[in-house]
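Please read the structure below before turning to the comments.
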Amino acid sequence: MLNNKVSSLINEQINKEMYSAYLYLNISNYYAEKGLNGFASWFRKQADEELEHAMKFVNYLHDEEEHVSLLAIEAPKHEFKDYKEPLELTLSHEKYVTSLINKIYKATLEVEDYRTTCFLNWFINEQREEEKNAHELLTKFEYLVTDAKALHQLDDQLATRK
Ligand SMILES: [Fe+2]
């Protein structure tokens with residue numbers, strides 16, 4: 001059994017990870033509609049990863065014999081003003097997710113639940129990677145934005161990126 005605050009924060013985090021999947025699937029669909037299939041494929045992969053994150057939290061609650069309560073998933077914003085806006089949104093969203101993970105981490109330390117602290121270490125590292133990727137993509141995009149040919153080269157690179 002987990003501390004109430006820790007288990008409710010993890011339950012909420014399942015919802016946040018599912019929302020992240022929705023957000024990236026929506027961005028993927030946006031780029032697909034614009035014919036930028038590499039960007040679309042990159043964001044589809046991000047959506048898949050977010051679902052995996054949600055499941056890691058679900059599995060953890062099962063392992064701890066905690067109840068999983070699924071909350072309504074908010075619909076993401078549909079329209080973007082330009083190709084850059086989803087990339088900015090991704091970076092700010094990942095920073096927000098980092099702050100949520102940090103909050104759960106802090107709660108585990110407060111109640112000396114070091115097992116959950118250890119479990120969260122994976123997410124702490126993952127967020128470093130997520131923020132780095134989002135920042136890198138935005139920077140590359142800003143650098144190339146005036147050059148249509150370079151934009152399509154970046155799109156091709158993203159199609160095969162793991
Ligand atoms: Fe995530």
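Ligands are numbered from 1 in the order shown, residues from 1 within each chain, and chains are lettered A, B, ... in the order they appear in the structure tokens.
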
*Residues within 7 Å of ligand 1, counting only C-alpha atoms and all ligand atoms, as a list of chain:residue names*: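 Listing the residues within 7 Å of ligand 1 gives A:Glu17, A:Ser20, A:Glu49, A:Glu50, A:His53.
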
Once you have the residues from the selection above, write them out as a CSV table (one decimal), in the first residue's frame, restricted to C-alpha atoms.
chain,number,residue,atom,x,y,z
A,17,GLU,CA,0.6,10.8,-19.7
A,20,SER,CA,0.5,13.7,-23.6
A,49,GLU,CA,6.0,6.4,-25.8
A,50,GLU,CA,3.6,8.5,-23.7
A,53,HIS,CA,4.7,5.9,-19.7

*Mind listing the alpha helix (DSSP H) residues of chain A, per DSSP on the backbone, as number ranges by chain?*
A: 4-33, 37-63, 85-110, 114-144, 148-160

Each segment 11-117 of chain A residue no farther than 12 Å from segment 138-161 of chain A, nearest pair in Å, only C-alpha atoms, as a tab-separated table:
residue	atom	partner	partner_atom	distance
A:Ser28	CA	A:Ala159	CA	11.8
A:Tyr31	CA	A:Asp155	CA	10.0
A:Ala32	CA	A:Asp155	CA	11.1
A:Lys34	CA	A:Asp155	CA	11.6
A:Gly35	CA	A:Asp155	CA	9.7
A:Leu36	CA	A:Asp155	CA	6.3
A:Asn37	CA	A:Ala159	CA	6.8
A:Gly38	CA	A:Ala159	CA	3.8
A:Phe39	CA	A:Asp155	CA	5.7
A:Ala40	CA	A:Ala159	CA	8.0
A:Ser41	CA	A:Ala159	CA	5.7
A:Trp42	CA	A:Leu158	CA	5.9
A:Phe43	CA	A:Leu158	CA	9.3
A:Arg44	CA	A:Ala159	CA	10.4
A:Lys45	CA	A:Arg161	CA	9.5
A:Gln46	CA	A:Arg161	CA	11.3
A:Asp82	CA	A:Val145	CA	10.8
A:Tyr83	CA	A:Phe141	CA	9.0
A:Lys84	CA	A:Phe141	CA	7.3
A:Glu85	CA	A:Leu138	CA	9.4
A:Pro86	CA	A:Leu138	CA	9.3
A:Leu87	CA	A:Leu138	CA	5.6
A:Glu88	CA	A:Leu138	CA	6.7
A:Leu89	CA	A:Leu138	CA	9.9
A:Thr90	CA	A:Leu138	CA	9.0
A:Leu91	CA	A:Leu138	CA	8.0
A:Ser92	CA	A:Leu138	CA	11.1

_Using only C-alpha atoms, which protein or nucleic acid residues come within 10 Å of Ser8 of chain A? Drop anything in the same chain fewer than 4 positions from it, and give the result as a ChimeraX atom specification._
/A:2-4,12-14,66-69,104

Do a neighbour search on segment 94-98 of chain A at 10 Å with only C-alpha atoms, toss out local chain neighbours closer than 3 positions, and write the hits as a PDB file with N, CA and C atoms, in the first residue's frame.
ATOM      1  N   GLN A  13      -1.104  11.223 -12.632  1.00  0.00           N
ATOM      2  CA  GLN A  13      -0.037  11.198 -13.640  1.00  0.00           C
ATOM      3  C   GLN A  13      -0.386  10.265 -14.804  1.00  0.00           C
ATOM      4  N   LYS A  16      -2.197  12.413 -17.059  1.00  0.00           N
ATOM      5  CA  LYS A  16      -1.312  13.394 -17.726  1.00  0.00           C
ATOM      6  C   LYS A  16      -0.530  12.728 -18.858  1.00  0.00           C
ATOM      7  N   GLU A  17      -0.110  11.480 -18.633  1.00  0.00           N
ATOM      8  CA  GLU A  17       0.639  10.761 -19.675  1.00  0.00           C
ATOM      9  C   GLU A  17      -0.285  10.415 -20.844  1.00  0.00           C
ATOM     10  N   SER A  20      -0.687  13.492 -22.766  1.00  0.00           N
ATOM     11  CA  SER A  20       0.514  13.723 -23.583  1.00  0.00           C
ATOM     12  C   SER A  20       0.422  12.918 -24.884  1.00  0.00           C
ATOM     13  N   LEU A  89       5.066  24.162 -28.263  1.00  0.00           N
ATOM     14  CA  LEU A  89       4.122  23.553 -27.323  1.00  0.00           C
ATOM     15  C   LEU A  89       4.720  22.284 -26.708  1.00  0.00           C
ATOM     16  N   THR A  90       5.415  21.506 -27.540  1.00  0.00           N
ATOM     17  CA  THR A  90       6.048  20.268 -27.057  1.00  0.00           C
ATOM     18  C   THR A  90       7.072  20.573 -25.969  1.00  0.00           C
ATOM     19  N   LEU A  91       7.924  21.571 -26.215  1.00  0.00           N
ATOM     20  CA  LEU A  91       8.953  21.912 -25.223  1.00  0.00           C
ATOM     21  C   LEU A  91       8.303  22.386 -23.921  1.00  0.00           C
ATOM     22  N   ILE A 101       6.478  15.291 -12.428  1.00  0.00           N
ATOM     23  CA  ILE A 101       7.272  14.149 -11.936  1.00  0.00           C
ATOM     24  C   ILE A 101       8.041  14.570 -10.677  1.00  0.00           C
ATOM     25  N   ASN A 102       8.601  15.781 -10.708  1.00  0.00           N
ATOM     26  CA  ASN A 102       9.341  16.290  -9.546  1.00  0.00           C
ATOM     27  C   ASN A 102       8.440  16.372  -8.315  1.00  0.00           C
ATOM     28  N   LYS A 103       7.180  16.751  -8.550  1.00  0.00           N
ATOM     29  CA  LYS A 103       6.238  16.879  -7.444  1.00  0.00           C
ATOM     30  C   LYS A 103       5.957  15.510  -6.796  1.00  0.00           C
ATOM     31  N   PHE A 123      11.776   7.991 -14.688  1.00  0.00           N
ATOM     32  CA  PHE A 123      11.044   9.121 -15.271  1.00  0.00           C
ATOM     33  C   PHE A 123      11.852  10.421 -15.187  1.00  0.00           C
ATOM     34  N   ILE A 124      12.620  10.563 -14.118  1.00  0.00           N
ATOM     35  CA  ILE A 124      13.476  11.755 -13.974  1.00  0.00           C
ATOM     36  C   ILE A 124      14.459  11.799 -15.152  1.00  0.00           C
ATOM     37  N   ASN A 125      15.073  10.658 -15.448  1.00  0.00           N
ATOM     38  CA  ASN A 125      16.019  10.589 -16.578  1.00  0.00           C
ATOM     39  C   ASN A 125      15.322  10.750 -17.914  1.00  0.00           C
ATOM     40  N   GLU A 126      14.160  10.128 -18.042  1.00  0.00           N
ATOM     41  CA  GLU A 126      13.380  10.207 -19.288  1.00  0.00           C
ATOM     42  C   GLU A 126      13.031  11.671 -19.608  1.00  0.00           C
ATOM     43  N   GLN A 127      12.672  12.433 -18.585  1.00  0.00           N
ATOM     44  CA  GLN A 127      12.299  13.833 -18.813  1.00  0.00           C
ATOM     45  C   GLN A 127      13.490  14.661 -19.306  1.00  0.00           C
ATOM     46  N   ARG A 128      14.677  14.319 -18.833  1.00  0.00           N
ATOM     47  CA  ARG A 128      15.886  15.006 -19.331  1.00  0.00           C
ATOM     48  C   ARG A 128      15.988  14.785 -20.847  1.00  0.00           C
ATOM     49  N   GLU A 129      15.780  13.530 -21.262  1.00  0.00           N
ATOM     50  CA  GLU A 129      15.836  13.162 -22.673  1.00  0.00           C
ATOM     51  C   GLU A 129      14.711  13.847 -23.475  1.00  0.00           C
ATOM     52  N   GLU A 130      13.511  13.847 -22.926  1.00  0.00           N
ATOM     53  CA  GLU A 130      12.351  14.444 -23.617  1.00  0.00           C
ATOM     54  C   GLU A 130      12.561  15.953 -23.825  1.00  0.00           C
ATOM     55  N   GLU A 131      13.037  16.628 -22.785  1.00  0.00           N
ATOM     56  CA  GLU A 131      13.268  18.076 -22.911  1.00  0.00           C
ATOM     57  C   GLU A 131      14.394  18.348 -23.909  1.00  0.00           C
ATOM     58  N   LYS A 132      15.420  17.520 -23.869  1.00  0.00           N
ATOM     59  CA  LYS A 132      16.555  17.690 -24.783  1.00  0.00           C
ATOM     60  C   LYS A 132      16.084  17.534 -26.238  1.00  0.00           C
ATOM     61  N   ASN A 133      15.312  16.472 -26.517  1.00  0.00           N
ATOM     62  CA  ASN A 133      14.804  16.234 -27.873  1.00  0.00           C
ATOM     63  C   ASN A 133      13.915  17.374 -28.354  1.00  0.00           C
ATOM     64  N   ALA A 134      13.032  17.839 -27.469  1.00  0.00           N
ATOM     65  CA  ALA A 134      12.101  18.914 -27.854  1.00  0.00           C
ATOM     66  C   ALA A 134      12.865  20.195 -28.139  1.00  0.00           C
ATOM     67  N   HIS A 135      13.860  20.478 -27.318  1.00  0.00           N
ATOM     68  CA  HIS A 135      14.656  21.692 -27.493  1.00  0.00           C
ATOM     69  C   HIS A 135      15.461  21.624 -28.792  1.00  0.00           C
TER      70      HIS A 135
END

*asked:* One decimal, in Å: what's the spacing between atom CA of Ile73 of chain A and atom CA of Arg115 of chain A?
replied: 28.3 Å

*At what distance in Å, to one decimal, does atom CA of Lys5 of chain A lie from atom CA of Asp48 of chain A?*
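Spanning atom CA of Asp48 of chain A to atom CA of Lys5 of chain A is a straight-line distance of 27.9 Å.
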
*So how many Å separate atom CA of Leu9 of chain A and atom CA of Thr108 of chain A, to one decimal?*
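Computing it gives 10.2 Å between the two atoms.
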
Any idea what's packed within 9 Å of Ala75 of chain A, counting only C-alpha atoms, ignoring anything in its chain fewer than 2 positions away? Could you give it as a PDB file with N, CA and C atoms, in the first residue's frame?
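Output file selection-v3.pdb is given in full below:
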ATOM      1  N   TYR A  19      -2.894  12.174 -21.662  1.00  0.00           N
ATOM      2  CA  TYR A  19      -3.098  13.458 -22.344  1.00  0.00           C
ATOM      3  C   TYR A  19      -1.897  13.773 -23.242  1.00  0.00           C
ATOM      4  N   TYR A  22      -2.300  11.985 -26.386  1.00  0.00           N
ATOM      5  CA  TYR A  22      -3.318  12.679 -27.198  1.00  0.00           C
ATOM      6  C   TYR A  22      -2.734  13.907 -27.882  1.00  0.00           C
ATOM      7  N   LEU A  23      -1.981  14.658 -27.093  1.00  0.00           N
ATOM      8  CA  LEU A  23      -1.369  15.899 -27.594  1.00  0.00           C
ATOM      9  C   LEU A  23      -0.441  15.590 -28.775  1.00  0.00           C
ATOM     10  N   ILE A  73      -9.894  12.257 -20.286  1.00  0.00           N
ATOM     11  CA  ILE A  73      -8.735  12.853 -20.974  1.00  0.00           C
ATOM     12  C   ILE A  73      -9.198  14.094 -21.739  1.00  0.00           C
ATOM     13  N   LYS A  77      -5.725  20.948 -28.254  1.00  0.00           N
ATOM     14  CA  LYS A  77      -6.025  22.040 -29.177  1.00  0.00           C
ATOM     15  C   LYS A  77      -5.868  21.554 -30.627  1.00  0.00           C
ATOM     16  N   HIS A  78      -6.794  21.923 -31.504  1.00  0.00           N
ATOM     17  CA  HIS A  78      -6.770  21.391 -32.875  1.00  0.00           C
ATOM     18  C   HIS A  78      -5.914  22.141 -33.882  1.00  0.00           C
TER      19      HIS A  78
END

*Can you work out which one of A:Ala54, A:Phe80, A:Asn11, A:His62 has the shortest atom-to-atom distance to Asn26 of chain A, counting only C-alpha atoms?*
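Of the candidates, the smallest distance to Asn26 of chain A is held by A:Phe80.
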